[in-house]
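Peer 1: Contents are mmCIF, C-alpha atoms; file name start_11.cif:
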data_target
#
loop_
_atom_site.label_atom_id
_atom_site.label_comp_id
_atom_site.auth_asym_id
_atom_site.auth_seq_id
_atom_site.Cartn_x
_atom_site.Cartn_y
_atom_site.Cartn_z
CA MET A 1 -48.93 -50.12 65.23
CA THR A 2 -52.53 -50.06 63.95
CA GLU A 3 -52.61 -46.25 64.04
CA ALA A 4 -49.24 -46.07 62.24
CA LEU A 5 -50.50 -48.32 59.45
CA LEU A 6 -53.73 -46.34 59.19
CA LEU A 7 -51.85 -43.01 58.95
CA GLY A 8 -49.58 -44.44 56.27
CA ALA A 9 -52.57 -45.72 54.29
CA ILE A 10 -54.39 -42.40 54.58
CA GLY A 11 -51.26 -40.59 53.42
CA ALA A 12 -51.00 -42.87 50.41
CA VAL A 13 -54.62 -42.23 49.41
CA ALA A 14 -54.31 -38.47 50.00
CA GLY A 15 -51.17 -38.30 47.86
CA MET A 16 -52.83 -40.32 45.11
CA MET A 17 -55.92 -38.08 45.12
CA ALA A 18 -53.78 -34.94 45.12
CA GLY A 19 -51.87 -36.11 42.05
CA LEU A 20 -54.87 -37.61 40.30
CA LEU A 21 -57.47 -34.89 40.84
CA GLY A 22 -55.33 -31.84 41.48
CA ILE A 23 -56.86 -31.20 44.92
CA GLY A 24 -55.12 -30.51 48.19
CA GLY A 25 -54.75 -33.62 50.32
CA GLY A 26 -56.19 -31.70 53.27
CA VAL A 27 -59.79 -32.30 52.19
CA LEU A 28 -59.16 -35.98 52.95
CA LEU A 29 -56.48 -35.70 55.63
CA VAL A 30 -58.25 -33.33 58.02
CA PRO A 31 -61.43 -35.40 58.53
CA ALA A 32 -59.39 -38.60 58.70
CA LEU A 33 -57.08 -37.10 61.32
CA ILE A 34 -60.06 -35.81 63.31
CA PHE A 35 -61.47 -39.33 63.57
CA ILE A 36 -58.04 -40.82 64.44
CA PHE A 37 -57.30 -38.21 67.11
CA GLN A 38 -60.81 -38.62 68.54
CA ALA A 39 -60.25 -42.37 68.85
CA ARG A 40 -56.94 -41.62 70.61
CA GLY A 41 -58.82 -39.53 73.16
CA VAL A 42 -57.66 -36.05 72.19
CA ALA A 43 -59.79 -33.36 73.87
CA PRO A 44 -62.75 -32.24 71.71
CA GLU A 45 -61.88 -28.55 72.04
CA ILE A 46 -58.56 -29.00 70.21
CA VAL A 47 -58.99 -32.14 68.10
CA THR A 48 -59.81 -30.25 64.90
CA GLN A 49 -56.99 -27.74 65.40
CA LEU A 50 -54.53 -30.62 65.83
CA ALA A 51 -55.84 -32.25 62.65
CA VAL A 52 -55.62 -29.00 60.64
CA GLY A 53 -52.10 -28.14 61.83
CA THR A 54 -50.88 -31.67 61.14
CA SER A 55 -52.42 -31.61 57.66
CA LEU A 56 -50.66 -28.31 56.85
CA ALA A 57 -47.32 -29.74 57.96
CA THR A 58 -47.63 -32.74 55.61
CA ILE A 59 -48.19 -30.37 52.66
CA LEU A 60 -44.63 -29.10 53.18
CA PHE A 61 -43.41 -32.44 51.84
CA THR A 62 -45.94 -33.32 49.16
CA GLY A 63 -46.26 -29.70 48.03
CA SER A 64 -42.51 -29.23 47.65
CA ALA A 65 -42.22 -32.36 45.52
CA GLY A 66 -45.14 -31.30 43.32
CA ALA A 67 -43.94 -27.71 42.98
CA TRP A 68 -40.47 -28.86 41.88
CA THR A 69 -41.98 -31.12 39.22
CA HIS A 70 -44.22 -28.32 37.92
CA HIS A 71 -41.24 -25.94 37.90
CA LYS A 72 -39.17 -28.36 35.80
CA ASN A 73 -42.08 -28.55 33.34
CA GLY A 74 -42.26 -24.75 33.13
CA ASN A 75 -45.72 -24.60 34.70
CA VAL A 76 -45.14 -22.14 37.56
CA ASP A 77 -45.84 -18.41 37.28
CA TRP A 78 -43.24 -17.21 39.77
CA GLN A 79 -44.36 -13.61 39.36
CA ALA A 80 -47.77 -14.55 40.75
CA VAL A 81 -46.14 -16.62 43.51
CA THR A 82 -43.92 -13.76 44.68
CA GLY A 83 -46.67 -11.18 44.16
CA MET A 84 -49.10 -12.96 46.47
CA SER A 85 -46.72 -14.62 48.93
CA LEU A 86 -46.51 -11.77 51.46
CA PHE A 87 -50.30 -11.48 51.58
CA ILE A 88 -50.63 -15.27 51.82
CA VAL A 89 -48.25 -15.27 54.80
CA VAL A 90 -50.37 -12.66 56.58
CA GLY A 91 -53.52 -14.61 55.72
CA THR A 92 -52.12 -17.87 57.13
CA GLN A 93 -51.54 -16.19 60.49
CA VAL A 94 -55.07 -14.81 60.48
CA GLY A 95 -56.37 -18.32 59.81
CA ALA A 96 -54.20 -19.81 62.56
CA VAL A 97 -55.41 -17.22 65.09
CA LEU A 98 -59.04 -17.85 64.13
CA ALA A 99 -58.56 -21.61 64.44
CA GLY A 100 -57.01 -21.17 67.87
CA ALA A 101 -59.94 -19.04 69.02
CA ILE A 102 -62.70 -21.33 67.74
CA HIS A 103 -63.84 -24.36 69.75
CA GLY A 104 -62.79 -27.62 68.10
CA VAL A 105 -66.38 -28.83 67.67
CA THR A 106 -67.37 -25.60 65.92
CA LEU A 107 -64.31 -25.76 63.68
CA LYS A 108 -65.17 -29.37 62.82
CA ARG A 109 -68.65 -28.31 61.71
CA LEU A 110 -67.22 -25.43 59.67
CA PHE A 111 -64.94 -27.92 57.96
CA GLY A 112 -67.95 -30.13 57.30
CA PHE A 113 -69.63 -27.25 55.43
CA PHE A 114 -66.37 -26.64 53.57
CA GLU A 115 -66.23 -30.30 52.51
CA LEU A 116 -69.76 -30.04 51.10
CA MET A 117 -68.74 -26.94 49.11
CA ILE A 118 -65.72 -28.76 47.67
CA ALA A 119 -67.95 -31.75 46.87
CA ALA A 120 -70.39 -29.54 44.95
CA ARG A 121 -67.55 -28.07 42.92
CA MET A 122 -66.16 -31.54 42.10
CA LEU A 123 -69.59 -32.88 41.11
CA ILE A 124 -70.14 -30.01 38.71
CA VAL A 125 -66.66 -30.49 37.21
CA ALA A 126 -66.83 -27.18 35.39
CA ALA A 127 -63.24 -26.21 34.66
CA PRO A 128 -62.76 -22.44 34.41
CA LYS A 129 -61.35 -21.15 31.14
CA PRO A 130 -59.10 -18.13 30.56
CA SER A 131 -60.86 -15.21 28.88
CA GLY A 132 -57.93 -13.86 26.92
CA LYS A 133 -58.53 -10.33 28.27
CA PRO A 134 -55.75 -8.24 29.88
CA VAL A 135 -56.02 -8.02 33.67
CA SER A 136 -54.62 -5.83 36.43
CA THR A 137 -53.07 -7.49 39.47
CA GLY A 138 -53.28 -4.36 41.63
CA TRP A 139 -56.11 -5.60 43.86
CA ILE A 140 -56.06 -9.31 42.99
CA TYR A 141 -52.70 -10.08 44.61
CA PRO A 142 -53.44 -8.57 48.06
CA LEU A 143 -57.10 -9.57 48.35
CA GLY A 144 -56.61 -12.97 46.74
CA GLY A 145 -53.49 -13.71 48.79
CA LEU A 146 -55.11 -12.78 52.09
CA THR A 147 -58.22 -14.85 51.35
CA ILE A 148 -56.30 -17.89 50.11
CA GLY A 149 -53.90 -17.79 53.06
CA ALA A 150 -56.61 -17.38 55.71
CA VAL A 151 -59.02 -20.03 54.37
CA SER A 152 -56.25 -22.53 53.61
CA SER A 153 -54.69 -22.14 57.05
CA LEU A 154 -58.05 -22.31 58.83
CA PHE A 155 -58.99 -25.59 57.13
CA GLY A 156 -55.54 -27.15 56.67
CA ILE A 157 -55.53 -27.31 52.87
CA GLY A 158 -52.93 -26.44 50.23
CA GLY A 159 -55.06 -23.72 48.67
CA GLY A 160 -55.56 -25.16 45.19
CA THR A 161 -59.34 -25.14 45.55
CA LEU A 162 -59.24 -21.33 45.70
CA THR A 163 -56.01 -20.55 43.87
CA VAL A 164 -56.66 -22.37 40.58
CA PRO A 165 -60.04 -20.67 39.85
CA LEU A 166 -58.57 -17.28 40.84
CA LEU A 167 -55.55 -17.65 38.56
CA VAL A 168 -57.62 -18.84 35.61
CA THR A 169 -60.67 -16.59 35.84
CA LEU A 170 -59.13 -13.40 37.28
CA LEU A 171 -55.49 -13.56 36.14
CA ASP A 172 -56.20 -15.36 32.86
CA ARG A 173 -53.57 -18.07 33.33
CA PRO A 174 -53.82 -21.42 31.49
CA ILE A 175 -55.02 -24.27 33.68
CA LYS A 176 -51.63 -26.04 33.75
CA ILE A 177 -49.89 -22.85 34.84
CA ALA A 178 -52.59 -22.27 37.45
CA ILE A 179 -52.15 -25.76 38.93
CA GLY A 180 -48.34 -25.47 39.00
CA THR A 181 -48.47 -21.99 40.55
CA SER A 182 -51.00 -23.19 43.11
CA SER A 183 -48.64 -26.02 44.04
CA ALA A 184 -45.79 -23.58 44.68
CA GLN A 185 -48.04 -21.29 46.71
CA GLY A 186 -49.16 -24.31 48.72
CA VAL A 187 -45.63 -24.64 50.10
CA VAL A 188 -45.77 -21.03 51.36
CA ILE A 189 -49.17 -21.71 52.93
CA ALA A 190 -47.95 -24.91 54.57
CA LEU A 191 -44.72 -23.40 55.93
CA PHE A 192 -46.20 -20.34 57.58
CA GLY A 193 -49.52 -21.97 58.42
CA THR A 194 -47.70 -24.77 60.26
CA ALA A 195 -45.62 -22.22 62.16
CA GLY A 196 -48.80 -20.40 63.17
CA PHE A 197 -50.47 -23.57 64.43
CA VAL A 198 -47.37 -24.59 66.40
CA TYR A 199 -47.28 -21.17 68.05
CA GLN A 200 -51.04 -20.93 68.71
CA GLY A 201 -51.17 -24.31 70.41
CA TRP A 202 -47.78 -24.48 72.12
CA ALA A 203 -48.92 -23.89 75.70
CA HIS A 204 -52.37 -25.51 75.49
CA SER A 205 -52.96 -27.74 78.49
CA ALA A 206 -55.04 -30.34 76.60
CA LEU A 207 -52.38 -31.24 74.02
CA PRO A 208 -51.08 -34.82 73.74
CA ALA A 209 -47.58 -35.27 75.16
CA ASP A 210 -45.95 -35.79 71.74
CA ALA A 211 -47.52 -32.76 70.03
CA TRP A 212 -45.69 -29.61 68.96
CA GLY A 213 -48.44 -27.07 69.46
CA PHE A 214 -51.29 -28.01 67.14
CA VAL A 215 -49.06 -30.38 65.11
CA SER A 216 -48.41 -34.10 65.62
CA PRO A 217 -44.85 -34.82 64.34
CA LYS A 218 -45.41 -38.58 64.33
CA ALA A 219 -48.50 -38.31 62.15
CA VAL A 220 -46.76 -35.84 59.83
CA LEU A 221 -43.85 -38.21 59.26
CA LEU A 222 -46.00 -41.27 58.59
CA ILE A 223 -48.32 -39.42 56.22
CA ALA A 224 -45.53 -37.54 54.42
CA VAL A 225 -43.58 -40.71 53.60
CA THR A 226 -46.45 -42.42 51.81
CA SER A 227 -48.14 -39.35 50.27
CA THR A 228 -44.86 -38.17 48.74
CA LEU A 229 -44.46 -41.58 47.09
CA THR A 230 -48.00 -41.83 45.72
CA ALA A 231 -48.54 -38.25 44.50
CA PRO A 232 -46.39 -38.78 41.35
CA VAL A 233 -48.25 -42.05 40.71
CA GLY A 234 -51.56 -40.21 40.84
CA ALA A 235 -50.25 -37.58 38.44
CA SER A 236 -49.22 -40.30 35.99
CA LEU A 237 -52.61 -42.03 36.24
CA ALA A 238 -54.34 -38.73 35.50
CA ASN A 239 -52.96 -38.94 31.96
CA ARG A 240 -54.54 -42.36 31.43
CA LEU A 241 -57.85 -42.18 33.25
CA HIS A 242 -60.88 -39.96 32.79
CA PRO A 243 -60.62 -37.30 35.54
CA PRO A 244 -64.25 -36.00 35.44
CA TYR A 245 -65.65 -39.39 36.47
CA LEU A 246 -63.07 -39.72 39.24
CA SER A 247 -63.78 -36.18 40.38
CA ARG A 248 -67.51 -36.91 40.66
CA ALA A 249 -66.88 -40.13 42.57
CA PHE A 250 -64.63 -38.32 45.05
CA GLY A 251 -67.19 -35.53 45.32
CA ILE A 252 -69.83 -38.06 46.41
CA PHE A 253 -67.37 -39.41 48.99
CA LEU A 254 -66.81 -35.89 50.35
CA ILE A 255 -70.56 -35.41 50.78
CA PHE A 256 -70.64 -38.34 53.21
CA VAL A 257 -67.52 -37.05 55.00
CA GLY A 258 -69.01 -33.55 55.32
CA MET A 259 -72.31 -34.91 56.63
CA LYS A 260 -70.44 -37.05 59.16
CA LEU A 261 -68.46 -34.03 60.41
CA LEU A 262 -71.71 -32.08 60.73
CA GLY A 263 -73.18 -34.91 62.84
CA LEU A 264 -75.98 -35.62 60.35
CA PHE A 265 -75.48 -39.39 60.71
#
Mind converting the file's structure to C-alpha cells?

Peer 2:
Amino acid sequence: MTEALLLGAIGAVAGMMAGLLGIGGGVLLVPALIFIFQARGVAPEIVTQLAVGTSLATILFTGSAGAWTHHKNGNVDWQAVTGMSLFIVVGTQVGAVLAGAIHGVTLKRLFGFFELMIAARMLIVAAPKPSGKPVSTGWIYPLGGLTIGAVSSLFGIGGGTLTVPLLVTLLDRPIKIAIGTSSAQGVVIALFGTAGFVYQGWAHSALPADAWGFVSPKAVLLIAVTSTLTAPVGASLANRLHPPYLSRAFGIFLIFVGMKLLGLF
C-alpha cells in the first residue's frame, strides 16, 4: 500500500511538472522509480532498465492526452511528426538495445550525467528563438529523428528536451508549435520504446515476477492515473505563474538527483 501511494504521488508530481514546465516526466520518474525498485530488492543489473521502460510506458498515457490538447489548439506540425517518425522508431530500438546491453549501475550513472545536463539547461532558461530563415529538412529529419529516438528511449523520456530546441533552432518553428509537435512525437517514442524494452527484457532471469520485460505494469497504471489528471492542471498553472523561476527551482532539484544517482552523496 505504501509503494502504491508513493507511485501515485510521484505520478501526480511528474504530470504537474510536465504540464507546468514543458519537460518530459521521465526526468523525475526514472530516478524515483530507480529508488523504489531498489528498495523493493530488484537486482542492480536491471533496476535502471526497469525504471526506464516503465517511465516510457507511462508517457503513452500522459503524452496522448497532451498531444490531443495541442492538436485541438492547432499547435502540432504533423508534417514534422510524420517526417521524423520512421527515424524515431529506428532510434528507439537502438536505445532499447543499448539499454539492454549496459549494466544497470552504469546506466544509472549515465542518467545521472543526463540529469545534470537537463538541470544546466533549466537553470540557464534561455529559450531558443526562430530565426525566420528558410530551412531544408533533408538531413534534419533522419539525423534528428534517430538521435531523439535513441536518447529518449535510452533514458526513458518523452523527447521534448531534444525535440523543442531542434524544431525551433533548426526547423524555425514557433515555440508553441515546437512543444505541441514534441508532445505528439513523444507518443511515438513511448509506444515503440516501450515495445523495445518489453522485448529486450522478456527472458531476463532477474526480473520481478509481475514485470513484462523491462516494464512494471502495476507502476505504469498507478503513475498514469495520477499524472494524466495533473498534467492539465500544470498547464493551466503555467499561464498564471512565472515559469523561469519554477524552471530554475526544478533545475536545482535535478542537480541533487543527478548527484545522488552518480553516488556523490

Peer 1: Could you tell me, as a ChimeraX atom specification, exactly which residues end up selected when the PyMOL selection byres ((chain A and resi 147) around 10) is applied to this structure?

Peer 2: /A:87-88,90-92,94-95,141-146,148-153,159,162-163

Peer 1: Quick one: of A:Phe214, A:Val220, A:Ile177, A:Val27, who's nearest to A:Met117, counting only C-alpha atoms?

Peer 2: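 Of A:Phe214, A:Val220, A:Ile177, A:Val27, the one nearest A:Met117 is A:Val27, counting only C-alpha atoms.
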
Peer 1: Take the PyMOL selection byres ((chain A and resi 36-46) around 12), run it mentally on this structure, and tell me the resulting residues as a ChimeraX atom specification.

Peer 2: /A:2-7,10,29-35,47-54,99-108,197,200-202,204-211,213-216,219

Peer 1: Go through A:Pro232, A:Leu191, A:Leu123, A:Leu221 one by one, measure the shortest atom-to-atom distance of each to A:Tyr245 using only C-alpha atoms, and give the residue with the smallest value.

Peer 2: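 Of A:Pro232, A:Leu191, A:Leu123, A:Leu221, the one nearest A:Tyr245, counting only C-alpha atoms, is A:Leu123.
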
Peer 1: Please measure the separation of atom CA of A:Met259 and atom CA of A:Ala12, giving the value in Å to one decimal.

Peer 2: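 For atom CA of A:Met259 relative to atom CA of A:Ala12, the distance reads 23.6 Å.
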
Peer 1: Between atom CA of A:Ala249 and atom CA of A:Leu261, measure the distance and give it in Å to one decimal.

Peer 2: 18.9 Å

Peer 1: Can you work out which one of A:Leu98, A:Ala65, A:Ala178, A:Leu56 has the shortest atom-to-atom distance to A:Trp78, counting only C-alpha atoms?

Peer 2: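 Closest candidate: A:Ala178.
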
Peer 1: Name the closest residue to A:Gln185 among the candidates A:Gly156, A:Gly63, A:Pro165, A:Pro217; distances are taken between atoms, counting all atoms listed in the file.

Peer 2: A:Gly63
